[in-house]
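Participant: Structure file protein29.txt (compact mmCIF, C-alpha atoms) right here:
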# COMPACT_ATOMS: atom_id res chain seq x y z
CA MET A 29 12.43 -13.27 -28.69
CA THR A 30 12.30 -9.68 -29.91
CA ASN A 31 14.45 -6.84 -28.64
CA THR A 32 12.40 -3.84 -27.55
CA ALA A 33 13.05 -0.16 -26.88
CA ASN A 34 15.70 1.79 -28.76
CA PRO A 35 18.13 -0.62 -30.46
CA THR A 36 20.76 2.13 -30.80
CA SER A 37 21.29 2.40 -27.03
CA ASP A 38 24.93 1.36 -26.69
CA MET A 39 25.69 -0.66 -23.56
CA HIS A 40 29.18 -1.85 -24.47
CA GLY A 41 31.34 -2.14 -21.38
CA LYS A 42 28.36 -2.02 -19.01
CA VAL A 43 27.86 -4.77 -16.44
CA CYS A 44 24.19 -5.56 -15.84
CA LEU A 45 22.65 -7.94 -13.32
CA VAL A 46 19.02 -8.93 -13.91
CA THR A 47 17.14 -11.00 -11.33
CA GLY A 48 14.25 -13.25 -12.32
CA ALA A 49 15.76 -13.36 -15.79
CA THR A 50 15.03 -16.93 -16.85
CA SER A 51 11.54 -16.11 -18.13
CA GLY A 52 9.11 -13.31 -18.90
CA ILE A 53 10.15 -9.66 -18.91
CA GLY A 54 13.40 -10.46 -17.10
CA GLU A 55 14.53 -12.74 -19.90
CA VAL A 56 13.50 -10.24 -22.58
CA THR A 57 15.32 -7.47 -20.71
CA ALA A 58 18.52 -9.53 -20.36
CA ASN A 59 18.37 -10.40 -24.04
CA ALA A 60 17.95 -6.77 -25.09
CA LEU A 61 20.83 -5.55 -22.93
CA ALA A 62 23.11 -8.28 -24.28
CA ALA A 63 22.14 -7.26 -27.83
CA ARG A 64 23.25 -3.72 -26.97
CA GLY A 65 26.70 -4.97 -25.96
CA ALA A 66 26.38 -5.23 -22.18
CA GLN A 67 27.89 -7.93 -20.03
CA VAL A 68 24.76 -9.55 -18.61
CA ILE A 69 24.41 -11.70 -15.52
CA VAL A 70 21.18 -13.68 -15.53
CA VAL A 71 19.97 -14.54 -12.03
CA GLY A 72 17.67 -17.51 -11.61
CA ARG A 73 17.05 -20.28 -9.11
CA ASN A 74 17.09 -23.31 -11.42
CA GLN A 75 20.43 -24.25 -13.00
CA LEU A 76 19.00 -26.04 -16.02
CA LYS A 77 16.65 -23.17 -16.79
CA ALA A 78 19.37 -20.57 -16.25
CA ASP A 79 21.78 -22.41 -18.52
CA LYS A 80 19.12 -22.75 -21.22
CA THR A 81 18.33 -19.03 -20.96
CA VAL A 82 21.97 -18.02 -21.26
CA GLN A 83 22.52 -20.30 -24.26
CA GLY A 84 19.41 -18.88 -25.91
CA ILE A 85 20.52 -15.27 -25.40
CA ARG A 86 24.01 -16.04 -26.68
CA SER A 87 22.59 -17.72 -29.75
CA GLU A 88 20.16 -14.93 -30.55
CA THR A 89 22.40 -11.93 -29.84
CA GLY A 90 25.79 -13.35 -30.78
CA SER A 91 27.13 -12.12 -27.44
CA GLN A 92 29.27 -14.43 -25.36
CA SER A 93 29.30 -11.94 -22.46
CA VAL A 94 26.27 -13.55 -20.83
CA ARG A 95 26.59 -15.60 -17.65
CA TYR A 96 24.29 -16.80 -14.91
CA LEU A 97 24.35 -16.89 -11.15
CA LEU A 98 21.94 -18.87 -9.00
CA ALA A 99 19.94 -17.82 -5.96
CA ASP A 100 16.59 -18.78 -4.49
CA PHE A 101 15.12 -15.62 -2.99
CA THR A 102 13.22 -17.57 -0.35
CA ASP A 103 16.62 -18.03 1.35
CA LEU A 104 18.53 -14.87 2.31
CA GLN A 105 21.73 -16.85 2.73
CA GLN A 106 21.56 -17.62 -0.99
CA VAL A 107 21.19 -13.90 -1.66
CA GLN A 108 24.41 -13.27 0.25
CA ASP A 109 26.10 -16.11 -1.61
CA LEU A 110 24.98 -14.49 -4.87
CA VAL A 111 26.61 -11.21 -3.81
CA LEU A 112 29.86 -12.98 -2.95
CA SER A 113 29.90 -14.85 -6.27
CA PHE A 114 29.32 -11.63 -8.17
CA LYS A 115 32.06 -9.76 -6.30
CA ASN A 116 34.49 -12.60 -6.99
CA GLN A 117 33.92 -12.29 -10.74
CA TYR A 118 33.33 -8.60 -11.42
CA SER A 119 34.98 -5.34 -10.38
CA ARG A 120 31.89 -3.15 -10.65
CA LEU A 121 28.17 -3.13 -11.41
CA ASP A 122 26.57 -0.57 -13.73
CA VAL A 123 22.93 -1.67 -13.75
CA LEU A 124 20.98 -3.69 -11.18
CA ILE A 125 17.47 -4.69 -12.22
CA ASN A 126 15.46 -6.12 -9.34
CA ASN A 127 12.90 -7.95 -11.42
CA ALA A 128 12.42 -11.24 -9.56
CA GLY A 129 9.00 -11.49 -7.98
CA ALA A 130 6.36 -13.99 -7.01
CA TYR A 131 2.69 -14.32 -6.16
CA PHE A 132 1.35 -16.95 -3.77
CA ASN A 133 -2.30 -17.88 -3.69
CA THR A 134 -1.95 -19.43 -0.23
CA ARG A 135 -0.10 -18.12 2.81
CA ARG A 136 3.36 -19.58 3.47
CA GLN A 137 5.28 -18.81 6.64
CA THR A 138 9.05 -18.29 6.53
CA ALA A 139 11.85 -18.41 9.07
CA TYR A 140 12.28 -14.64 8.78
CA GLY A 141 9.09 -13.59 10.55
CA VAL A 142 7.27 -12.65 7.35
CA GLU A 143 5.17 -14.52 4.83
CA ILE A 144 6.89 -15.60 1.65
CA THR A 145 5.62 -12.88 -0.72
CA PHE A 146 7.19 -10.13 1.37
CA LEU A 147 10.42 -12.13 1.64
CA VAL A 148 10.84 -12.78 -2.08
CA ASN A 149 9.51 -9.49 -3.42
CA HIS A 150 10.97 -7.06 -0.87
CA LEU A 151 13.45 -8.40 1.68
CA ALA A 152 15.58 -10.31 -0.84
CA PRO A 153 16.03 -7.35 -3.24
CA PHE A 154 16.50 -5.01 -0.27
CA LEU A 155 19.40 -7.15 0.94
CA LEU A 156 20.82 -7.73 -2.55
CA THR A 157 20.78 -4.03 -3.43
CA ASN A 158 22.38 -2.90 -0.20
CA GLN A 159 25.08 -5.53 -0.40
CA LEU A 160 25.91 -4.48 -3.98
CA LEU A 161 25.99 -0.71 -3.38
CA ASN A 162 29.76 -0.60 -3.17
CA MET A 163 29.96 -2.30 -6.57
CA LEU A 164 27.48 0.19 -8.02
CA LYS A 165 29.54 3.05 -6.63
CA MET A 166 32.44 1.82 -8.76
CA SER A 167 30.38 2.61 -11.87
CA PRO A 168 30.56 6.09 -13.46
CA SER A 169 26.76 6.17 -13.32
CA GLY A 170 25.18 3.22 -11.56
CA ARG A 171 21.49 2.54 -12.07
CA ILE A 172 19.13 0.61 -9.79
CA ILE A 173 15.78 -0.36 -11.30
CA ASN A 174 13.06 -1.89 -9.14
CA VAL A 175 10.18 -3.63 -10.87
CA SER A 176 7.01 -2.87 -8.93
CA SER A 177 3.38 -3.07 -10.09
CA GLY A 178 0.24 -1.03 -10.43
CA ALA A 179 -1.07 -3.29 -7.67
CA HIS A 180 0.96 -1.24 -5.19
CA GLN A 181 -1.95 1.24 -5.14
CA TYR A 182 -3.97 -1.30 -3.18
CA GLY A 183 -1.19 -2.11 -0.73
CA ALA A 184 -0.92 -1.13 2.93
CA MET A 185 1.88 -1.64 5.42
CA ASP A 186 1.10 -3.35 8.73
CA PHE A 187 4.34 -3.96 10.59
CA ASN A 188 2.51 -5.94 13.26
CA ASN A 189 1.22 -8.42 10.69
CA LEU A 190 4.06 -8.95 8.21
CA ASP A 191 3.57 -12.68 8.56
CA PHE A 192 -0.05 -12.15 7.48
CA LYS A 193 -1.45 -14.52 10.09
CA ARG A 194 -4.52 -12.30 10.01
CA GLY A 195 -6.51 -11.71 6.85
CA TYR A 196 -4.25 -13.34 4.28
CA PHE A 197 -5.25 -12.94 0.66
CA GLY A 198 -2.77 -13.46 -2.16
CA MET A 199 -3.37 -10.14 -3.87
CA LYS A 200 -3.21 -8.21 -0.57
CA ALA A 201 0.19 -9.73 0.18
CA TYR A 202 1.38 -9.03 -3.36
CA ALA A 203 0.16 -5.42 -3.27
CA ARG A 204 1.95 -4.86 0.05
CA SER A 205 5.22 -6.16 -1.35
CA LYS A 206 4.92 -3.96 -4.43
CA LEU A 207 4.23 -0.90 -2.26
CA ALA A 208 7.35 -1.83 -0.30
CA ASN A 209 9.33 -1.81 -3.58
CA ILE A 210 8.41 1.83 -4.18
CA LEU A 211 8.89 2.96 -0.58
CA PHE A 212 12.32 1.33 -0.73
CA THR A 213 13.11 3.05 -4.04
CA TYR A 214 12.33 6.53 -2.76
CA GLU A 215 14.09 6.03 0.58
CA LEU A 216 17.22 4.65 -1.07
CA ALA A 217 17.26 7.59 -3.48
CA ARG A 218 17.11 9.98 -0.51
CA ARG A 219 19.97 8.16 1.20
CA LEU A 220 22.03 8.32 -1.98
CA ASP A 221 21.33 12.00 -2.53
CA GLY A 222 24.39 13.60 -4.09
CA ASP A 223 25.72 10.22 -5.19
CA LYS A 224 26.08 9.18 -8.83
CA ILE A 225 23.75 6.18 -8.42
CA THR A 226 20.16 6.61 -9.58
CA VAL A 227 17.23 4.59 -8.25
CA ASN A 228 13.88 4.27 -10.00
CA ALA A 229 10.84 2.01 -9.88
CA LEU A 230 8.47 0.96 -12.62
CA ASN A 231 5.16 -0.64 -13.41
CA PRO A 232 5.60 -2.99 -16.40
CA GLY A 233 1.85 -3.22 -16.91
CA HIS A 234 -0.22 -6.37 -16.68
CA VAL A 235 1.89 -9.08 -18.32
CA ALA A 236 0.71 -12.65 -18.90
CA THR A 237 3.08 -14.73 -16.76
CA ASP A 238 3.37 -18.16 -15.15
CA ILE A 239 1.67 -16.76 -12.02
CA TYR A 240 -1.56 -18.14 -13.41
CA ARG A 241 -0.07 -21.50 -14.30
CA THR A 242 1.62 -22.06 -10.93
CA ASN A 243 -0.95 -20.63 -8.52
CA PHE A 244 -4.32 -21.73 -9.81
CA SER A 245 -4.05 -25.48 -9.89
CA MET A 246 -5.72 -27.28 -12.77
CA ILE A 247 -7.22 -24.13 -14.31
CA GLY A 248 -3.89 -22.32 -14.28
CA PRO A 249 -2.90 -23.06 -17.91
CA PHE A 250 -6.35 -22.00 -19.07
CA LEU A 251 -6.18 -18.76 -17.09
CA LYS A 252 -2.78 -17.91 -18.55
CA TRP A 253 -4.09 -18.60 -22.05
CA PHE A 254 -7.24 -16.57 -21.45
CA MET A 255 -5.45 -13.60 -19.85
CA GLY A 256 -3.09 -13.57 -22.80
CA PHE A 257 -5.88 -12.00 -24.85
CA PHE A 258 -5.91 -8.95 -22.56
CA ALA A 259 -2.44 -8.77 -21.03
CA LEU A 260 0.75 -7.31 -22.43
CA THR A 261 3.37 -9.58 -23.93
CA PRO A 262 6.68 -9.95 -22.07
CA GLU A 263 8.27 -7.90 -24.86
CA GLU A 264 5.84 -5.04 -24.21
CA GLY A 265 6.32 -5.31 -20.44
CA ALA A 266 10.10 -5.20 -20.83
CA GLU A 267 10.12 -1.90 -22.71
CA THR A 268 10.32 0.24 -19.58
CA PRO A 269 13.08 -1.66 -17.72
CA ILE A 270 15.13 -1.74 -20.92
CA TYR A 271 14.60 2.00 -21.35
CA LEU A 272 15.60 2.76 -17.75
CA ALA A 273 18.68 0.57 -18.03
CA SER A 274 19.97 1.85 -21.35
CA SER A 275 18.57 5.24 -22.34
CA ALA A 276 20.61 8.43 -22.10
CA GLU A 277 17.31 10.26 -21.60
CA VAL A 278 17.15 9.11 -17.97
CA GLU A 279 20.80 9.74 -17.12
CA GLY A 280 20.76 11.37 -13.67
CA VAL A 281 17.01 10.87 -13.21
CA THR A 282 16.26 9.35 -9.83
CA SER A 283 13.47 8.68 -7.32
CA ARG A 284 10.79 8.35 -9.98
CA TYR A 285 8.11 5.81 -10.85
CA PHE A 286 7.73 4.91 -14.53
CA TYR A 287 4.97 3.42 -16.63
CA LYS A 288 5.26 2.99 -20.40
CA ARG A 289 8.62 4.80 -20.31
CA GLU A 290 7.06 7.89 -18.74
CA ALA A 291 7.51 9.17 -15.18
CA VAL A 292 4.10 9.10 -13.44
CA GLU A 293 2.77 9.52 -9.92
CA SER A 294 2.71 6.49 -7.63
CA SER A 295 0.18 6.07 -4.82
CA PRO A 296 -0.03 8.76 -2.09
CA MET A 297 1.10 6.25 0.54
CA SER A 298 4.28 5.52 -1.40
CA TYR A 299 5.51 9.07 -0.70
CA ASP A 300 5.17 8.74 3.09
CA GLN A 301 8.73 9.29 4.30
CA ASN A 302 8.02 8.19 7.85
CA LEU A 303 6.58 4.94 6.55
CA ALA A 304 9.58 4.45 4.28
CA ARG A 305 12.05 5.00 7.13
CA GLN A 306 10.15 2.55 9.32
CA LEU A 307 10.15 -0.03 6.52
CA TRP A 308 13.89 0.48 6.13
CA ARG A 309 14.57 -0.13 9.83
CA VAL A 310 12.35 -3.21 9.88
CA SER A 311 14.00 -4.56 6.73
CA GLU A 312 17.47 -4.11 8.22
CA ARG A 313 16.38 -6.01 11.32
CA LEU A 314 14.71 -8.83 9.43
CA THR A 315 17.61 -9.34 7.01
CA GLY A 316 20.16 -9.04 9.80
CA HIS A 317 22.27 -6.58 7.86
CA ALA A 318 22.73 -2.84 8.23
CA SER A 319 22.54 -1.07 4.89
CA LEU A 320 25.47 0.62 3.20
CA ALA A 321 23.38 3.60 2.06
Output the file's structure as structure tokens, nothing else.
Facilitator:
Amino acid sequence: MTNTANPTSDMHGKVCLVTGATSGIGEVTANALAARGAQVIVVGRNQLKADKTVQGIRSETGSQSVRYLLADFTDLQQVQDLVLSFKNQYSRLDVLINNAGAYFNTRRQTAYGVEITFLVNHLAPFLLTNQLLNMLKMSPSGRIINVSSGAHQYGAMDFNNLDFKRGYFGMKAYARSKLANILFTYELARRLDGDKITVNALNPGHVATDIYRTNFSMIGPFLKWFMGFFALTPEEGAETPIYLASSAEVEGVTSRYFYKREAVESSPMSYDQNLARQLWRVSERLTGHASLA
């Protein structure tokens, strides 16, 4: 595993929590932050995989300040348990990277009134972020980084069909959840206006991941291999989240959308403040928790 971005970015004393960090760009990001001296909490859903990831990062970076916490983002109770576990072990949080995400080729209903893509990719990080705001406020300069996707440009919000009983298609559901990530980013930044916490979103680019392996049956391994010729490596995809987490260049920068370490425009719909406020209210209702912002 290769560290990316600027290796001189000093993160000593910083506490960083990275979700979806047992593989792909999340793992590369966690590794890079640990190499820069940060205390890193790897969040995954599989204990064996999380333990293997932590041991690998410790071995490669020489840092023993790497731990893991477990949570399956299909269960919001586990998200709350994750928050409690974190608060019991740490006094503050400096960087929260909401990287965990999933794609589902077939529709799956959940107990929360939405289909599973929206739950994992939006509601779970919405709840996690809001429940950790007080910890981020303890940091001299807390940073929240939401990993979205260029696919958000094709997303549309339909609050009467969040369970996608009508017209389900995997990419449509994924694009909606990624649009929600950016709407959430901008609305949270507005609510934290004047605060020392910054909130930004990013597009890591098209990275070859296990989405192909796990969602396309027998041809999945072939698809992942084939797309690897065109897609970015996890190291390349991790450059922007590492940059946003560690660089002094973005100190105080908030409510922006980044691609290849540059602030760029997101889709016109993502700037709709009325839509963002409605999404916020719906998300509060569906998670059962009022936000702290």
Participant: Just give me the gap between CA of Ala179 (chain A) and CA of Ile225 (chain A) in Å, one decimal is fine.
Facilitator: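 We find that CA of Ala179 (chain A) and CA of Ile225 (chain A) lie 26.6 Å from each other.
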Participant: In Å to one decimal, how far is CA of Gly222 (chain A) from CA of Ser283 (chain A)?
Facilitator: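 Pair CA of Ser283 (chain A) / CA of Gly222 (chain A) returns 12.4 Å.
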Participant: If you count all atoms listed in the file, which residues fall within 12 Å of Lys77 (chain A), apart from same-chain ones fewer than 2 positions away, as a PyMOL selection string?
Facilitator: chain A and resi 48-51+55+70-75+79-84+96-98
Participant: Using only C-alpha atoms for the distances, tell me which of A:Leu314, A:Cys44, A:Ile69, A:Ala321 is nearest to Thr157 (chain A).
Facilitator: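 The answer is A:Ala321, which sits nearest to Thr157 (chain A).
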Participant: Closest to Lys42 (chain A) among A:Asp300, A:Glu263, A:Asp122, A:Glu279, using all atoms listed in the file?
Facilitator: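 Going through A:Asp300, A:Glu263, A:Asp122, A:Glu279 one by one, the smallest distance to Lys42 (chain A) is for A:Asp122.
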Participant: I'd like the contact shell of Val235 (chain A) - 8 Å cut-off, all atoms listed in the file, skipping same-chain residues fewer than 6 positions apart - returned as a ChimeraX atom specification.
Facilitator: /A:259-262,265
Participant: For Gly90 (chain A), which of A:Leu112, A:Ala63, A:Gln106, A:Thr315 is the closest residue, counting all atoms listed in the file?
Facilitator: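 Selected residue with least distance to Gly90 (chain A): A:Ala63.
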Participant: Would you list the contacts of Thr57 (chain A) as an mmCIF file with C-alpha atoms, in the coordinates of the input, taking every protein, DNA or RNA residue within 12 Å and counting only C-alpha atoms, but skipping same-chain residues closer than 5 positions in sequence?
Facilitator:
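Dumped to out32.cif:
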data_model
loop_
_atom_site.group_PDB
_atom_site.id
_atom_site.type_symbol
_atom_site.label_atom_id
_atom_site.label_comp_id
_atom_site.auth_asym_id
_atom_site.auth_seq_id
_atom_site.Cartn_x
_atom_site.Cartn_y
_atom_site.Cartn_z
ATOM 1 C CA MET A 29 12.430 -13.270 -28.690
ATOM 2 C CA THR A 30 12.300 -9.680 -29.910
ATOM 3 C CA ASN A 31 14.450 -6.840 -28.640
ATOM 4 C CA THR A 32 12.400 -3.840 -27.550
ATOM 5 C CA ALA A 33 13.050 -0.160 -26.880
ATOM 6 C CA CYS A 44 24.190 -5.560 -15.840
ATOM 7 C CA LEU A 45 22.650 -7.940 -13.320
ATOM 8 C CA VAL A 46 19.020 -8.930 -13.910
ATOM 9 C CA THR A 47 17.140 -11.000 -11.330
ATOM 10 C CA GLY A 48 14.250 -13.250 -12.320
ATOM 11 C CA ALA A 49 15.760 -13.360 -15.790
ATOM 12 C CA THR A 50 15.030 -16.930 -16.850
ATOM 13 C CA SER A 51 11.540 -16.110 -18.130
ATOM 14 C CA GLY A 52 9.110 -13.310 -18.900
ATOM 15 C CA ALA A 62 23.110 -8.280 -24.280
ATOM 16 C CA ALA A 63 22.140 -7.260 -27.830
ATOM 17 C CA ARG A 64 23.250 -3.720 -26.970
ATOM 18 C CA ALA A 66 26.380 -5.230 -22.180
ATOM 19 C CA VAL A 68 24.760 -9.550 -18.610
ATOM 20 C CA ILE A 69 24.410 -11.700 -15.520
ATOM 21 C CA VAL A 70 21.180 -13.680 -15.530
ATOM 22 C CA THR A 81 18.330 -19.030 -20.960
ATOM 23 C CA ILE A 85 20.520 -15.270 -25.400
ATOM 24 C CA VAL A 123 22.930 -1.670 -13.750
ATOM 25 C CA LEU A 124 20.980 -3.690 -11.180
ATOM 26 C CA ILE A 125 17.470 -4.690 -12.220
ATOM 27 C CA ASN A 126 15.460 -6.120 -9.340
ATOM 28 C CA ASN A 127 12.900 -7.950 -11.420
ATOM 29 C CA ILE A 173 15.780 -0.360 -11.300
ATOM 30 C CA VAL A 175 10.180 -3.630 -10.870
ATOM 31 C CA PRO A 232 5.600 -2.990 -16.400
ATOM 32 C CA PRO A 262 6.680 -9.950 -22.070
ATOM 33 C CA GLU A 263 8.270 -7.900 -24.860
ATOM 34 C CA GLU A 264 5.840 -5.040 -24.210
ATOM 35 C CA GLY A 265 6.320 -5.310 -20.440
ATOM 36 C CA ALA A 266 10.100 -5.200 -20.830
ATOM 37 C CA GLU A 267 10.120 -1.900 -22.710
ATOM 38 C CA THR A 268 10.320 0.240 -19.580
ATOM 39 C CA PRO A 269 13.080 -1.660 -17.720
ATOM 40 C CA ILE A 270 15.130 -1.740 -20.920
ATOM 41 C CA TYR A 271 14.600 2.000 -21.350
ATOM 42 C CA LEU A 272 15.600 2.760 -17.750
ATOM 43 C CA ALA A 273 18.680 0.570 -18.030
ATOM 44 C CA SER A 274 19.970 1.850 -21.350
#
Participant: To one decimal place in Å, what is the distance between CA of Glu143 (chain A) and CA of Leu190 (chain A)?
Facilitator: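 These two atoms are separated by 6.6 Å.
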